[in-house]
$ cat model39.tsv   # TSV, C-alpha atoms
chain	number	residue	atom	x	y	z
T	811	MET	CA	-6.47	11.87	-17.31
T	812	LEU	CA	-10.06	10.71	-16.91
T	813	THR	CA	-11.04	7.13	-17.56
T	814	ALA	CA	-14.63	6.05	-17.90
T	815	THR	CA	-15.50	2.57	-16.74
T	816	PRO	CA	-18.99	1.37	-17.56
T	817	ALA	CA	-20.90	-0.05	-14.60
T	818	LEU	CA	-22.85	-2.52	-16.75
T	819	THR	CA	-22.17	-4.08	-20.11
T	820	TYR	CA	-25.07	-4.75	-22.45
T	821	PRO	CA	-25.08	-7.02	-25.51
T	822	ALA	CA	-25.12	-5.20	-28.87
T	823	THR	CA	-28.67	-6.22	-29.72
T	824	PRO	CA	-31.80	-6.27	-27.59
T	825	GLY	CA	-32.48	-9.54	-25.87
T	826	PRO	CA	-35.71	-11.28	-25.03
T	827	THR	CA	-37.87	-9.81	-22.29
T	828	GLN	CA	-39.23	-11.75	-19.35
T	829	THR	CA	-42.83	-12.53	-18.58
T	830	VAL	CA	-43.87	-11.28	-15.17
T	831	PRO	CA	-46.10	-13.75	-13.28
T	832	GLU	CA	-49.77	-12.74	-13.51
T	833	TYR	CA	-50.06	-11.89	-9.81
T	834	GLU	CA	-47.13	-9.42	-10.18
T	835	SER	CA	-48.00	-8.14	-13.66
T	836	VAL	CA	-47.79	-4.43	-14.41
T	837	SER	CA	-47.79	-2.31	-17.54
T	838	VAL	CA	-44.99	0.03	-18.65
T	839	THR	CA	-45.11	2.17	-21.81
T	840	VAL	CA	-42.30	3.99	-23.61
T	841	GLN	CA	-42.76	7.16	-25.66
T	842	ARG	CA	-40.38	9.42	-27.58
T	843	ASN	CA	-40.60	13.20	-27.64
T	844	THR	CA	-40.72	14.15	-31.34
T	845	ILE	CA	-39.12	17.60	-30.92
T	846	THR	CA	-35.59	17.46	-32.34
T	847	GLU	CA	-34.21	20.00	-29.84
T	848	ASN	CA	-35.32	17.81	-26.93
T	849	PRO	CA	-35.42	14.16	-28.07
T	850	THR	CA	-36.32	12.70	-24.68
T	851	ILE	CA	-37.56	9.18	-24.05
T	852	THR	CA	-40.07	8.52	-21.26
T	853	ALA	CA	-41.03	5.24	-19.58
T	854	THR	CA	-44.32	5.42	-17.68
T	855	PHE	CA	-45.46	2.98	-15.01
T	856	ASN	CA	-49.15	2.24	-15.64
T	857	GLY	CA	-49.84	-0.09	-12.71
T	858	GLY	CA	-51.55	-3.47	-12.76
T	859	MET	CA	-52.06	-6.42	-10.45
T	860	GLY	CA	-48.48	-6.09	-9.16
T	861	LEU	CA	-48.79	-2.39	-8.37
T	862	GLY	CA	-48.04	-2.80	-4.66
T	863	MET	CA	-45.35	-5.40	-5.34
T	864	THR	CA	-43.14	-3.23	-7.56
T	865	GLU	CA	-40.23	-1.95	-5.51
T	866	ARG	CA	-38.26	-0.21	-8.28
T	867	MET	CA	-38.39	0.62	-11.98
T	868	ASP	CA	-35.05	1.13	-13.75
T	869	MET	CA	-34.67	2.60	-17.23
T	870	THR	CA	-31.54	2.56	-19.37
T	871	VAL	CA	-31.21	4.34	-22.71
T	872	ILE	CA	-28.29	3.26	-24.87
T	873	ARG	CA	-28.07	6.15	-27.27
T	874	SER	CA	-26.98	5.93	-30.88
T	875	ASP	CA	-24.03	8.22	-30.05
T	876	GLY	CA	-22.65	5.65	-27.57
T	877	ILE	CA	-23.75	7.41	-24.38
T	878	THR	CA	-25.69	5.40	-21.80
T	879	GLU	CA	-28.25	7.20	-19.64
T	880	THR	CA	-29.90	5.61	-16.59
T	881	GLY	CA	-32.67	6.53	-14.20
T	882	HIS	CA	-34.92	4.86	-11.64
T	883	ALA	CA	-38.09	5.29	-9.62
T	884	ASN	CA	-38.49	3.69	-6.19
T	885	ASN	CA	-41.94	2.31	-5.30
T	886	PRO	CA	-43.49	3.65	-8.52
T	887	ALA	CA	-47.15	4.63	-8.40
T	888	MET	CA	-49.48	4.71	-11.39
T	889	GLY	CA	-48.41	7.46	-13.75
T	890	ARG	CA	-44.85	7.68	-12.39
T	891	SER	CA	-42.38	8.18	-15.21
T	892	ILE	CA	-38.67	8.34	-15.90
T	893	THR	CA	-37.47	10.67	-18.66
T	894	LEU	CA	-33.98	10.43	-20.16
T	895	MET	CA	-32.30	12.14	-23.08
T	896	GLY	CA	-32.21	10.29	-26.38
T	897	THR	CA	-30.94	11.27	-29.82
T	898	THR	CA	-32.59	12.02	-33.14
T	899	ALA	CA	-31.57	8.54	-34.35
T	900	THR	CA	-32.48	5.06	-33.07
T	901	ASP	CA	-31.88	4.46	-29.36
T	902	ARG	CA	-32.22	1.30	-27.31
T	903	VAL	CA	-34.45	1.33	-24.22
T	904	ILE	CA	-34.28	-1.23	-21.40
T	905	VAL	CA	-36.79	-1.20	-18.54
T	906	THR	CA	-36.29	-3.52	-15.58
T	907	LEU	CA	-38.65	-4.00	-12.65
T	908	THR	CA	-37.57	-5.15	-9.20
T	909	MET	CA	-40.34	-6.68	-7.12
T	910	THR	CA	-40.64	-6.79	-3.33
T	911	SER	CA	-39.81	-10.52	-3.58
T	912	GLY	CA	-36.39	-9.54	-4.94
T	913	ASP	CA	-37.19	-10.91	-8.41
T	914	GLN	CA	-36.11	-8.76	-11.35
T	915	TYR	CA	-37.79	-8.71	-14.75
T	916	THR	CA	-36.62	-7.01	-17.93
T	917	VAL	CA	-39.98	-6.02	-19.40
T	918	ILE	CA	-38.77	-3.81	-22.27
T	919	ASP	CA	-35.58	-4.17	-24.32
T	920	GLN	CA	-35.92	-2.80	-27.82
T	921	TYR	CA	-34.90	-0.11	-30.27
T	922	TYR	CA	-36.94	3.09	-30.49
T	923	PRO	CA	-36.27	5.07	-33.69
T	924	PHE	CA	-36.79	8.81	-33.77
T	925	PRO	CA	-39.81	9.48	-35.99
T	926	ASP	CA	-38.88	10.36	-39.59
T	927	GLY	CA	-40.14	13.54	-41.11
T	928	VAL	CA	-40.64	15.34	-37.80
T	929	LEU	CA	-39.41	18.92	-37.64
T	930	GLY	CA	-38.51	20.45	-34.30
$ encode --input "model39.tsv" --output "structure tokens"
Amino acid sequence: MLTATPALTYPATPGPTQTVPEYESVSVTVQRNTITENPTITATFNGGMGLGMTERMDMTVIRSDGITETGHANNPAMGRSITLMGTTATDRVIVTLTMTSGDQYTVIDQYYPFPDGVLG
């Protein structure tokens, strides 16, 4: 018999994000693939003042079907992305940055609906 034990527990609704200090600030964007056969979600590291201070970018997708997907990028450079599988419904995306100082910031925590009216 297999038993699954989740490594992390997340609250049911997205929480507030944290403001990264200006000297460590970076930009991360999230995009959904609109093809129904491959409903991936991608987080892209766009760089910023804290480019050299970002040690790790973690992405978690809590899918509408109850499955949690995770991925990470160590020492992300501009344009580095993480792509995880989503669903054709609304999925929650959490992106956390770990800085060289050891500080962690949740910069994205929100729902991303699959676009309506898109045929794959």
$ residues_around --input "model39.tsv" --residues "stretch 911-922 of chain T" --least-positions-apart "6" --cutoff "8 Å" --atoms "only C-alpha atoms" --output "short mmCIF file (atom, residue, chain, number, x, y, z; two decimals) with C-alpha atoms, keeping the file's coordinate frame"
data_model
loop_
_atom_site.label_atom_id
_atom_site.label_comp_id
_atom_site.auth_asym_id
_atom_site.auth_seq_id
_atom_site.Cartn_x
_atom_site.Cartn_y
_atom_site.Cartn_z
CA PRO T 824 -31.80 -6.27 -27.59
CA GLY T 825 -32.48 -9.54 -25.87
CA PRO T 826 -35.71 -11.28 -25.03
CA THR T 827 -37.87 -9.81 -22.29
CA GLN T 828 -39.23 -11.75 -19.35
CA THR T 829 -42.83 -12.53 -18.58
CA VAL T 830 -43.87 -11.28 -15.17
CA VAL T 838 -44.99 0.03 -18.65
CA ARG T 842 -40.38 9.42 -27.58
CA MET T 863 -45.35 -5.40 -5.34
CA THR T 900 -32.48 5.06 -33.07
CA ASP T 901 -31.88 4.46 -29.36
CA ARG T 902 -32.22 1.30 -27.31
CA VAL T 903 -34.45 1.33 -24.22
CA ILE T 904 -34.28 -1.23 -21.40
CA VAL T 905 -36.79 -1.20 -18.54
#
$ residues_around --input "model39.tsv" --residues "T:Ser835" --least-positions-apart "3" --cutoff "8 Å" --atoms "only C-alpha atoms" --output "PyMOL selection string"
chain T and resi 830-832+858-861
$ residues_near_point --input "model39.tsv" --point "(-31.5, 11.2, -41.2)" --cutoff "10 Å" --atoms "only C-alpha atoms" --output "MDAnalysis selection string"
chainID T and resid 898:899 924:927
$ atom_distance --input "model39.tsv" --atom1 "atom CA of T:Glu865" --atom2 "atom CA of T:Val840"
19.2 Å
$ residues_around --input "model39.tsv" --residues "T:Ile877" --least-positions-apart "4" --cutoff "10 Å" --atoms "all atoms listed in the file" --output "list in words"
Val871, Ile872, Arg873, Met895, Gly896, Thr897 and Asp901 of chain T
$ atom_distance --input "model39.tsv" --atom1 "atom CA of T:Ser891" --atom2 "atom CA of T:Glu847"
20.5 Å
$ residues_near_point --input "model39.tsv" --point "(-42.4, 6.0, -20.2)" --cutoff "10 Å" --atoms "only C-alpha atoms" --output "list in words"
Val838, Thr839, Val840, Gln841, Arg842, Ile851, Thr852, Ala853, Thr854, Phe855, Asn856, Met869, Gly889, Arg890, Ser891, Ile892, Thr893, Leu894 and Val905 of chain T
$ atom_distance --input "model39.tsv" --atom1 "atom CA of T:Pro849" --atom2 "atom CA of T:Thr823"
21.5 Å
$ closest_residue --input "model39.tsv" --among "T:Pro923, T:Glu834, T:Asn848, T:Thr906" --to "T:Thr870" --atoms "all atoms listed in the file"
T:Thr906
$ closest_residue --input "model39.tsv" --among "T:Pro886, T:Val836, T:Gly862, T:Ala822" --to "T:Thr910" --atoms "all atoms listed in the file"
T:Gly862
$ closest_residue --input "model39.tsv" --among "T:Ser837, T:Thr908, T:Thr878, T:Ile845" --to "T:Thr864" --atoms "only C-alpha atoms"
T:Thr908
$ decode --input "model39.tsv" --residues "stretch 869-883 of chain T" --atoms "N, CA, C and O atoms" --output "mmCIF file, in the first residue's frame"
data_model
loop_
_atom_site.group_PDB
_atom_site.id
_atom_site.type_symbol
_atom_site.label_atom_id
_atom_site.label_comp_id
_atom_site.auth_asym_id
_atom_site.auth_seq_id
_atom_site.Cartn_x
_atom_site.Cartn_y
_atom_site.Cartn_z
ATOM 1 N N MET T 869 9.104 27.287 -7.685
ATOM 2 C CA MET T 869 7.743 27.457 -8.194
ATOM 3 C C MET T 869 6.920 26.258 -7.769
ATOM 4 O O MET T 869 7.372 25.116 -7.891
ATOM 5 N N THR T 870 5.729 26.521 -7.259
ATOM 6 C CA THR T 870 4.790 25.478 -6.894
ATOM 7 C C THR T 870 3.476 25.757 -7.607
ATOM 8 O O THR T 870 2.999 26.886 -7.601
ATOM 9 N N VAL T 871 2.919 24.734 -8.244
ATOM 10 C CA VAL T 871 1.602 24.837 -8.855
ATOM 11 C C VAL T 871 0.687 23.884 -8.101
ATOM 12 O O VAL T 871 0.947 22.681 -8.035
ATOM 13 N N ILE T 872 -0.340 24.448 -7.493
ATOM 14 C CA ILE T 872 -1.367 23.640 -6.831
ATOM 15 C C ILE T 872 -2.516 23.571 -7.819
ATOM 16 O O ILE T 872 -3.243 24.537 -8.027
ATOM 17 N N ARG T 873 -2.616 22.407 -8.456
ATOM 18 C CA ARG T 873 -3.572 22.242 -9.547
ATOM 19 C C ARG T 873 -4.995 22.064 -9.041
ATOM 20 O O ARG T 873 -5.220 21.641 -7.916
ATOM 21 N N SER T 874 -5.938 22.378 -9.899
ATOM 22 C CA SER T 874 -7.350 22.253 -9.534
ATOM 23 C C SER T 874 -7.758 20.805 -9.294
ATOM 24 O O SER T 874 -8.752 20.547 -8.627
ATOM 25 N N ASP T 875 -6.967 19.839 -9.792
ATOM 26 C CA ASP T 875 -7.281 18.425 -9.560
ATOM 27 C C ASP T 875 -6.633 17.886 -8.281
ATOM 28 O O ASP T 875 -6.661 16.694 -8.016
ATOM 29 N N GLY T 876 -6.032 18.774 -7.483
ATOM 30 C CA GLY T 876 -5.458 18.377 -6.197
ATOM 31 C C GLY T 876 -3.998 17.981 -6.240
ATOM 32 O O GLY T 876 -3.387 17.748 -5.202
ATOM 33 N N ILE T 877 -3.410 17.909 -7.400
ATOM 34 C CA ILE T 877 -1.992 17.542 -7.532
ATOM 35 C C ILE T 877 -1.133 18.788 -7.359
ATOM 36 O O ILE T 877 -1.463 19.854 -7.861
ATOM 37 N N THR T 878 -0.024 18.634 -6.633
ATOM 38 C CA THR T 878 0.928 19.728 -6.442
ATOM 39 C C THR T 878 2.201 19.417 -7.214
ATOM 40 O O THR T 878 2.779 18.342 -7.060
ATOM 41 N N GLU T 879 2.598 20.340 -8.061
ATOM 42 C CA GLU T 879 3.831 20.220 -8.843
ATOM 43 C C GLU T 879 4.834 21.254 -8.325
ATOM 44 O O GLU T 879 4.436 22.368 -7.979
ATOM 45 N N THR T 880 6.108 20.888 -8.264
ATOM 46 C CA THR T 880 7.134 21.827 -7.825
ATOM 47 C C THR T 880 8.343 21.770 -8.746
ATOM 48 O O THR T 880 8.625 20.747 -9.359
ATOM 49 N N GLY T 881 9.045 22.891 -8.819
ATOM 50 C CA GLY T 881 10.277 22.963 -9.590
ATOM 51 C C GLY T 881 11.120 24.106 -9.067
ATOM 52 O O GLY T 881 10.631 24.970 -8.327
ATOM 53 N N HIS T 882 12.407 24.101 -9.408
ATOM 54 C CA HIS T 882 13.278 25.180 -8.952
ATOM 55 C C HIS T 882 14.390 25.441 -9.965
ATOM 56 O O HIS T 882 14.665 24.619 -10.830
ATOM 57 N N ALA T 883 14.999 26.606 -9.816
ATOM 58 C CA ALA T 883 16.155 26.994 -10.620
ATOM 59 C C ALA T 883 17.183 27.595 -9.672
ATOM 60 O O ALA T 883 16.883 28.548 -8.953
#
